[in-house]
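Asks: Before anything else, here's the structure in question.
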Amino acid sequence: MSEPRIGVYVCHCGTNISQTVDIADVCGFSKTLANVALVKEYKYMCSDPGQETIKVDVEKNKLTHIVVSSCSPLMHEGTFRGAVENAGLNEYLFQMANIREHVSWVTEDKIKATEKAKKLIAAAVRRVVKHQPLKPTEVDINPDTVVIGGGIAGIEAALTIANAGKKVYLVEKDSTIGGHMAKFDKTFPTLDCAACILTPKMVSIAQNRNIELMTLSEVEEIKGFVGNFTVKIRKKARYVDEELCTGCGDCEKFCPVKNVPNEFEENLSNKKAIYRAFPQAVPAVYAIDMAYCKRCGVCVKKCGKNAINLDAKDEVLEVRAGNIIVATGYDLYDNKKYLEKYGYNTYENVLTSLEFERYTHASGPTGGKVVKKDGTEPEAVAILHCVGSRDVNANEHCSRICCMQSLKFGHLVKEKVPGAEVYNLYIDIRAFGKGYEEFYKRCIHEDIHFIRGKGAEVIDTALTKDEQGKLIIKVEDTLLGEIRRIPVDMVILSIGMEPSKSASRIASSLSLSRSKDGFFLEKHPKLAPVATATDGIYVAGAAQGPKDIPDTVAQANAAAGAVLSIINKGRVLLESVTSTVESSKCAGCKLCISVCPYQAIEFSDEDKASRIIEAMCKGCGTCVAVCPSGAITQKGYLDGQIFEEIEGILQKV
Amino acid sequence: MAEEFEPRIVAFLCRWCSYTGADLAGTSRIKYPANVVPIKVMCSGRVDPTFILKSFADGADGVLVCGCHPGDCHYNEGNYNMQKRVPMIKDMLKGFGIEGERFRLDWVSAAEGDKFAEVVTEMTDEVRKLGPLNWKEIKEAVK
Ligand SMILES: Cc1cc2nc3c(=O)[nH]c(=O)nc-3n(C[C@H](O)[C@H](O)[C@H](O)COP(=O)(O)OP(=O)(O)OC[C@H]3O[C@@H](n4cnc5c(N)ncnc54)[C@H](O)[C@@H]3O)c2cc1C
Ligand code: SF4
Ligand code: SF4
Ligand code: FES
């Protein structure tokens, strides 16, 4: 084989790298490295002219390998591999040195930064010589999709994909789809009725032949990779046959168990042991809460369709899918101790935001009336923003919806109890969305009081006659610069969003990363907001971070679009990182078999050696590290390649 | 005054959590010492004890391995496998007269840019205190 001729390209990244790393020095150093035939610097290597340079140079200078030192490979490896392939070289005869994320952005001292950049380039140059041409594995895409979570995000994504003619399994943990939006009466900023925009979509889910809806279901395990996932789903027993039940409700009328907390009503009222979350639930059929059912059998007898079976069992199903969308939404922050400070659970007229949503709902526990627990109308209502958000003692993040939702609440109180005084206690008003500032203005004109300051405490010890029998909110009014006491009859806590309670379970069964705030981590905050680090798994809606309905729907469609784009292509390329056993070196100890997390290794009695099934190997490299005979190698991560990197890093620069 | 000793530390970062976490330290512009230079592997489970020995033999004063938190490994259990090797690695290093503190295994998630910077800073300080390893010389002398 002829001598390698490496081209080294050092990117300035505008000034992102060149500000801290001495480019000329780095280039001079790179020229001294073995096998380097050409060194170039450029403002933006990822730009068209940058990529074009590689192509021209490969031809003119007969380059055999390419090193680009620029940003993270997680950002632009794909871009440059494409450029290398375009230049007529195998795309794997390429290595990146990350001198932006790992050097210029994190190092204060310019001399030290320049030195570290040199080490990384030396490592890359030495490594790339050991690269072999590889071919990415091409696999077919299963055209079916699993969507986890049936809130507005999951509903929208499922409909978009199904309407394109592709099959969707929609997996929802509750007895109905709809998520949080199904609990609302009106939605900001337009105040259109939530049911009017949501229920038609829910019905479409039920009617769409491409959608298989699984309620009371949760994903237990996922195997495989983009294009070919196997998803294990536990469908909990409903005890009512979905096919047979007509939703007539005869069973419910006669069920003697009346004291089941109604979660859909935020436990403000009770339901029967056999229940339907709400009349427009989809599927529109009943279910039994076995934790409360007395097994008296009355419902079984009353059901004219013979749809009830008290001995039904959970089912575990396995479905195959090419892509997965995670749309598991959010839950409200519910730290009891923290909420106690605001009188929640102590004073009956302190409500959470979701409880108040149900108060305003025509079919809610108060029939849509804003009333105190004693049934009378409040004279004054306070709405406390940022409860459990923007607070280092709870969640640092802004929940993005509380301002607008609080404005909505103010408007609704005024509409339903015209004479009432309404106080909004806020840190900042963030009315950032389309039509939001206008909605804010409208509320100001409705005579809602705005007090700048975070509510500190809710108490009931009256100091004056006006405070007698009232709830008193202590707040530092930061505009007046004084501590105020606001006496009211009802307090609504605008509680912040947290990731759904099931997020940690989902994260571990799908191997997904989460950001600091616990929401699922997107591949890139700006350029890939609905992709995750794992190809074929997407995230949409409040599962990715707090957001309102317009943004949720936009993300749901973005995720659906990304999935359809892969399905349409039909095939996908997988990175070549699988491992192989050299049977002549294998001593037959079977250690590798015991550590492979994917059962990808089998023992061949014929060869008296282990053998890796390539299609099952995901390329973690654990077997390579444990093999005492050095019989296993991993493509793209050969021992020899890593040794070169070690030497490069430790060589004199 | 003599120039401060600048330790040379090789880090092996798994691609899914720790390398991404280190990238996040970058995008968040968190500053940390330049002594630790990373090598990307697919999983901490890929880190062969020979990588660690070779690093020391080639002049490293410290070796850091970072992977996903227990339970979060992209390949389920690669990090457990790495963790299981630690006592063996420490014993081996002890045999060579290398202080256990020169080797560290830690968990850095993709969201923990700040933690990555912390780990790197701590490790650098610690190895700086221990002083140069000069294993190359030890090896030569033994010969
Ligand atoms: C009090 C309040 C008022 C609001 N008012 C408005 C408004 O007026 N206008 C507006 O634009 N936005 C409003 N919002 C925000 C709105 O609720 C969200 O934007 C929207 O609900 C996000 O939809 P989603 O589908 O992402 O999540 P969710 O609505 O939380 O839906 C998630 C779904 O996934 C299911 N799920 C969770 N985990 C699993 C699992 N492991 N397996 C299967 N299924 C699972 C859940 O049961 C649920 O059905 C308000 C929020 C609050 C708290
Ligand atoms: S660990 Fe190595 S020697 Fe042992 S069975 Fe596997 S390949 Fe063969
Ligand atoms: S690299 Fe080895 S241990 Fe990892 S998945 Fe492949 S065969 Fe299994
Ligand atoms: S992938 Fe991070 S430790 Fe295995």
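Note on naming: chains are A, B, ... as they come in the structure tokens, residues start from 1 per chain, ligands start from 1 in the order shown.
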Mind listing the residues within 7 Å of ligand 4, only C-alpha atoms and all ligand atoms counted, as a PDB file with C-alpha atoms, in the first residue's frame?

Replies:
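What landed in result.pdb:
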```pdb
ATOM      1  CA  CYS A 620     -20.965  -1.205  22.898  1.00  0.00           C
TER       2      CYS A 620
ATOM      3  CA  CYS B  14     -18.686   7.197  26.466  1.00  0.00           C
ATOM      4  CA  ARG B  15     -20.328   8.671  23.430  1.00  0.00           C
ATOM      5  CA  TRP B  16     -23.883   8.727  24.726  1.00  0.00           C
ATOM      6  CA  CYS B  17     -23.669  10.439  28.086  1.00  0.00           C
ATOM      7  CA  SER B  18     -20.257  11.686  29.062  1.00  0.00           C
ATOM      8  CA  MET B  42     -19.015   4.025  22.382  1.00  0.00           C
ATOM      9  CA  CYS B  43     -19.488   2.930  26.000  1.00  0.00           C
ATOM     10  CA  SER B  44     -17.451   2.954  29.184  1.00  0.00           C
ATOM     11  CA  GLY B  45     -17.693  -0.845  28.948  1.00  0.00           C
ATOM     12  CA  GLY B  67     -19.817   6.832  31.584  1.00  0.00           C
ATOM     13  CA  CYS B  68     -23.542   7.145  31.970  1.00  0.00           C
ATOM     14  CA  CYS B  73     -26.024   3.174  30.043  1.00  0.00           C
ATOM     15  CA  HIS B  74     -27.127   3.284  26.423  1.00  0.00           C
ATOM     16  CA  TYR B  75     -26.301  -0.420  26.298  1.00  0.00           C
ATOM     17  CA  ASN B  76     -27.975  -1.120  29.659  1.00  0.00           C
ATOM     18  CA  GLU B  77     -25.011  -2.499  31.536  1.00  0.00           C
ATOM     19  CA  GLY B  78     -21.727  -1.484  29.941  1.00  0.00           C
ATOM     20  CA  ASN B  79     -21.015   0.890  32.817  1.00  0.00           C
TER      21      ASN B  79
END
```

Asks: Once you count only C-alpha atoms and all ligand atoms, which residues end up within 7 Å of ligand 1, and could you hand them over as a short mmCIF file (atom, residue, chain, number, x, y, z; two decimals) with C-alpha atoms, in the first residue's frame?

Replies:
```
data_model
loop_
_atom_site.label_atom_id
_atom_site.label_comp_id
_atom_site.auth_asym_id
_atom_site.auth_seq_id
_atom_site.Cartn_x
_atom_site.Cartn_y
_atom_site.Cartn_z
CA ILE A 148 -46.29 6.74 23.68
CA GLY A 149 -48.74 9.08 25.40
CA GLY A 150 -52.18 10.11 24.18
CA GLY A 151 -52.28 13.78 25.14
CA ILE A 152 -52.66 16.41 22.45
CA ALA A 153 -49.05 15.77 21.39
CA GLY A 154 -49.51 12.04 20.89
CA VAL A 171 -50.13 3.71 23.77
CA GLU A 172 -51.85 5.59 26.61
CA LYS A 173 -51.54 4.72 30.29
CA ASP A 174 -54.95 6.06 31.32
CA ILE A 177 -56.75 9.69 25.57
CA GLY A 178 -56.86 13.49 25.78
CA GLY A 179 -54.21 14.18 28.41
CA HIS A 180 -54.39 17.41 30.37
CA MET A 181 -56.14 19.35 27.65
CA PHE A 184 -59.78 22.37 30.44
CA LYS A 186 -61.29 27.33 27.79
CA THR A 187 -57.82 27.71 26.33
CA PHE A 188 -55.66 30.80 26.16
CA PRO A 189 -55.15 33.08 24.36
CA SER A 217 -51.29 0.40 28.50
CA GLU A 218 -47.64 1.04 29.15
CA VAL A 219 -44.45 0.27 27.33
CA ALA A 327 -45.22 12.16 24.09
CA THR A 328 -45.67 11.43 27.78
CA GLY A 329 -46.32 15.04 28.74
CA TYR A 330 -46.04 16.53 32.22
CA ASP A 331 -47.36 16.44 35.75
CA LEU A 332 -47.74 19.35 38.14
CA SER A 353 -54.47 25.30 38.79
CA LEU A 354 -55.85 22.00 37.56
CA GLU A 357 -59.73 24.27 35.61
CA ILE A 401 -47.65 28.41 30.64
CA GLN A 405 -52.97 30.34 32.36
CA LYS A 408 -56.96 33.11 31.68
CA SER A 494 -50.37 28.37 39.29
CA MET A 497 -44.76 21.68 35.20
CA SER A 500 -44.53 13.08 33.75
CA LYS A 501 -44.13 10.77 36.74
CA SER A 502 -43.34 7.95 34.36
CA ALA A 503 -40.48 9.79 32.66
CA ILE A 506 -39.52 5.54 30.09
CA ALA A 540 -42.81 15.83 21.30
CA GLY A 541 -44.83 18.15 23.49
CA ALA A 542 -44.46 18.77 27.20
CA ALA A 543 -42.36 15.59 27.54
CA LYS A 547 -44.94 24.24 26.68
CA ASP A 548 -48.38 25.39 25.67
CA ILE A 549 -50.74 23.73 23.23
CA PRO A 550 -49.66 25.62 20.07
CA THR A 552 -46.97 21.12 21.56
#
```

Asks: Which residues form the shell of 6 Å around ligand 2 when you count only C-alpha atoms and all ligand atoms, given as a ChimeraX atom specification?

Replies: /A:581,586-592,609-610,627-629,631-632

Asks: Identify, counting only C-alpha atoms and all ligand atoms, the protein, DNA and RNA residues located within 7 Å of ligand 3, and give them as an NGL selection string.

Replies: :A and (578-579 or 592 or 595-601 or 612 or 616-624 or 634)

Asks: What does the file look like for those residues with C-alpha atoms, as an mmCIF file, in the first residue's frame?

Replies:
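part-v4.cif written:
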```
data_model
loop_
_atom_site.group_PDB
_atom_site.id
_atom_site.type_symbol
_atom_site.label_atom_id
_atom_site.label_comp_id
_atom_site.auth_asym_id
_atom_site.auth_seq_id
_atom_site.Cartn_x
_atom_site.Cartn_y
_atom_site.Cartn_z
ATOM 1 C CA THR A 578 -20.170 -3.862 15.412
ATOM 2 C CA SER A 579 -17.727 -6.387 16.843
ATOM 3 C CA CYS A 592 -18.036 -12.314 26.202
ATOM 4 C CA VAL A 595 -21.437 -9.685 29.334
ATOM 5 C CA CYS A 596 -23.208 -8.950 26.048
ATOM 6 C CA PRO A 597 -26.357 -7.016 26.934
ATOM 7 C CA TYR A 598 -28.051 -8.072 23.687
ATOM 8 C CA GLN A 599 -27.404 -11.802 23.633
ATOM 9 C CA ALA A 600 -25.630 -11.130 20.367
ATOM 10 C CA ILE A 601 -22.935 -13.728 20.969
ATOM 11 C CA ILE A 612 -21.156 -12.511 17.115
ATOM 12 C CA MET A 616 -27.896 -8.116 16.973
ATOM 13 C CA CYS A 617 -24.669 -6.402 18.031
ATOM 14 C CA LYS A 618 -25.152 -2.748 18.929
ATOM 15 C CA GLY A 619 -21.464 -2.019 19.239
ATOM 16 C CA CYS A 620 -20.965 -1.205 22.898
ATOM 17 C CA GLY A 621 -17.568 -2.904 22.827
ATOM 18 C CA THR A 622 -17.907 -4.474 26.264
ATOM 19 C CA CYS A 623 -17.029 -7.923 24.963
ATOM 20 C CA VAL A 624 -13.887 -6.531 23.351
ATOM 21 C CA GLN A 634 -14.789 -3.551 17.215
#
```

Asks: If you run DSSP on the backbone here, which positions in range 444-505 of chain A get alpha helix (DSSP H)? Please write them as a PyMOL selection string.

Replies: chain A and resi 444-445+503-505

Asks: Next, the residues of the selection above should be written as a PDB file, in the first residue's frame with C-alpha atoms.

Replies:
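Saved the output as part-v3.pdb:
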```
ATOM      1  CA  ILE A 444     -55.488  44.662  32.326  1.00  0.00           C
ATOM      2  CA  HIS A 445     -58.506  46.416  30.855  1.00  0.00           C
ATOM      3  CA  ALA A 503     -40.476   9.792  32.665  1.00  0.00           C
ATOM      4  CA  SER A 504     -37.735   8.012  34.585  1.00  0.00           C
ATOM      5  CA  ARG A 505     -39.184   4.616  33.757  1.00  0.00           C
TER       6      ARG A 505
END
```

Asks: Within 7 Å of chain A, which residues of chain B are there when counting only C-alpha atoms? Please give them as number ranges by chain.

Replies: B: 22-23, 26-27, 29-34, 37, 42-43, 45-48, 55, 58-60, 71-78, 110-111

Asks: Please write the residues from the selection above to a file, keeping C-alpha atoms, as a PDB file, in the first residue's frame.

Replies:
```pdb
ATOM      1  CA  ALA B  22     -18.502  17.364  27.916  1.00  0.00           C
ATOM      2  CA  ASP B  23     -19.934  18.958  24.772  1.00  0.00           C
ATOM      3  CA  GLY B  26     -18.567  23.591  25.952  1.00  0.00           C
ATOM      4  CA  THR B  27     -21.862  24.993  24.732  1.00  0.00           C
ATOM      5  CA  ARG B  29     -18.953  27.924  28.154  1.00  0.00           C
ATOM      6  CA  ILE B  30     -17.980  26.419  31.519  1.00  0.00           C
ATOM      7  CA  LYS B  31     -14.235  26.792  32.032  1.00  0.00           C
ATOM      8  CA  TYR B  32     -12.073  23.958  33.325  1.00  0.00           C
ATOM      9  CA  PRO B  33      -8.384  22.998  33.256  1.00  0.00           C
ATOM     10  CA  ALA B  34      -6.936  21.924  29.898  1.00  0.00           C
ATOM     11  CA  VAL B  37      -7.738  15.313  27.034  1.00  0.00           C
ATOM     12  CA  MET B  42     -19.015   4.025  22.382  1.00  0.00           C
ATOM     13  CA  CYS B  43     -19.488   2.930  26.000  1.00  0.00           C
ATOM     14  CA  GLY B  45     -17.693  -0.845  28.948  1.00  0.00           C
ATOM     15  CA  ARG B  46     -15.288  -0.646  25.992  1.00  0.00           C
ATOM     16  CA  VAL B  47     -12.486   0.701  28.173  1.00  0.00           C
ATOM     17  CA  ASP B  48     -10.022  -2.137  28.212  1.00  0.00           C
ATOM     18  CA  SER B  55      -1.820   5.609  29.077  1.00  0.00           C
ATOM     19  CA  ASP B  58       3.091   6.426  27.719  1.00  0.00           C
ATOM     20  CA  GLY B  59       3.401   9.229  30.222  1.00  0.00           C
ATOM     21  CA  ALA B  60      -0.036  10.004  31.626  1.00  0.00           C
ATOM     22  CA  GLY B  71     -29.029   2.396  35.039  1.00  0.00           C
ATOM     23  CA  ASP B  72     -28.631   4.911  32.218  1.00  0.00           C
ATOM     24  CA  CYS B  73     -26.024   3.174  30.043  1.00  0.00           C
ATOM     25  CA  HIS B  74     -27.127   3.284  26.423  1.00  0.00           C
ATOM     26  CA  TYR B  75     -26.301  -0.420  26.298  1.00  0.00           C
ATOM     27  CA  ASN B  76     -27.975  -1.120  29.659  1.00  0.00           C
ATOM     28  CA  GLU B  77     -25.011  -2.499  31.536  1.00  0.00           C
ATOM     29  CA  GLY B  78     -21.727  -1.484  29.941  1.00  0.00           C
ATOM     30  CA  ALA B 110     -25.540  14.205  28.863  1.00  0.00           C
ATOM     31  CA  ALA B 111     -27.131  16.981  30.920  1.00  0.00           C
TER      32      ALA B 111
END
```

Asks: DSSP says strand (DSSP E or B) for which residues of range 354-579 of chain A? Put them as a PyMOL selection string?

Replies: chain A and resi 380-387+421-426+449-452+455-459+471-477+482-488+490-495+497-499+514+520+524+528+531+537-539+571-574+579

Asks: Just the number, please: distance in Å from CA of Tyr19 in chain B to CA of Val147 in chain A, one decimal.

Replies: 28.8 Å

Asks: Kindly indicate which residue among A:Ala284, A:Leu463, A:Val475, A:Ile23 lies nearest to Thr199 in chain A, using only C-alpha atoms for the distances.

Replies: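 Using only C-alpha atoms, Thr199 in chain A sits closest to A:Ala284.
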
Asks: Just checking: using only C-alpha atoms, which residue out of B:Val86, B:Met123, B:Leu24, B:Ile52 ends up closest to Glu101 in chain B?

Replies: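 Of B:Val86, B:Met123, B:Leu24, B:Ile52, the one nearest Glu101 in chain B is B:Met123, counting only C-alpha atoms.
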
Asks: Quick one, how far is CA of Lys135 in chain A from CA of Leu574 in chain A?

Replies: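 Computing the Euclidean distance for CA of Lys135 in chain A and CA of Leu574 in chain A yields 9.2 Å.
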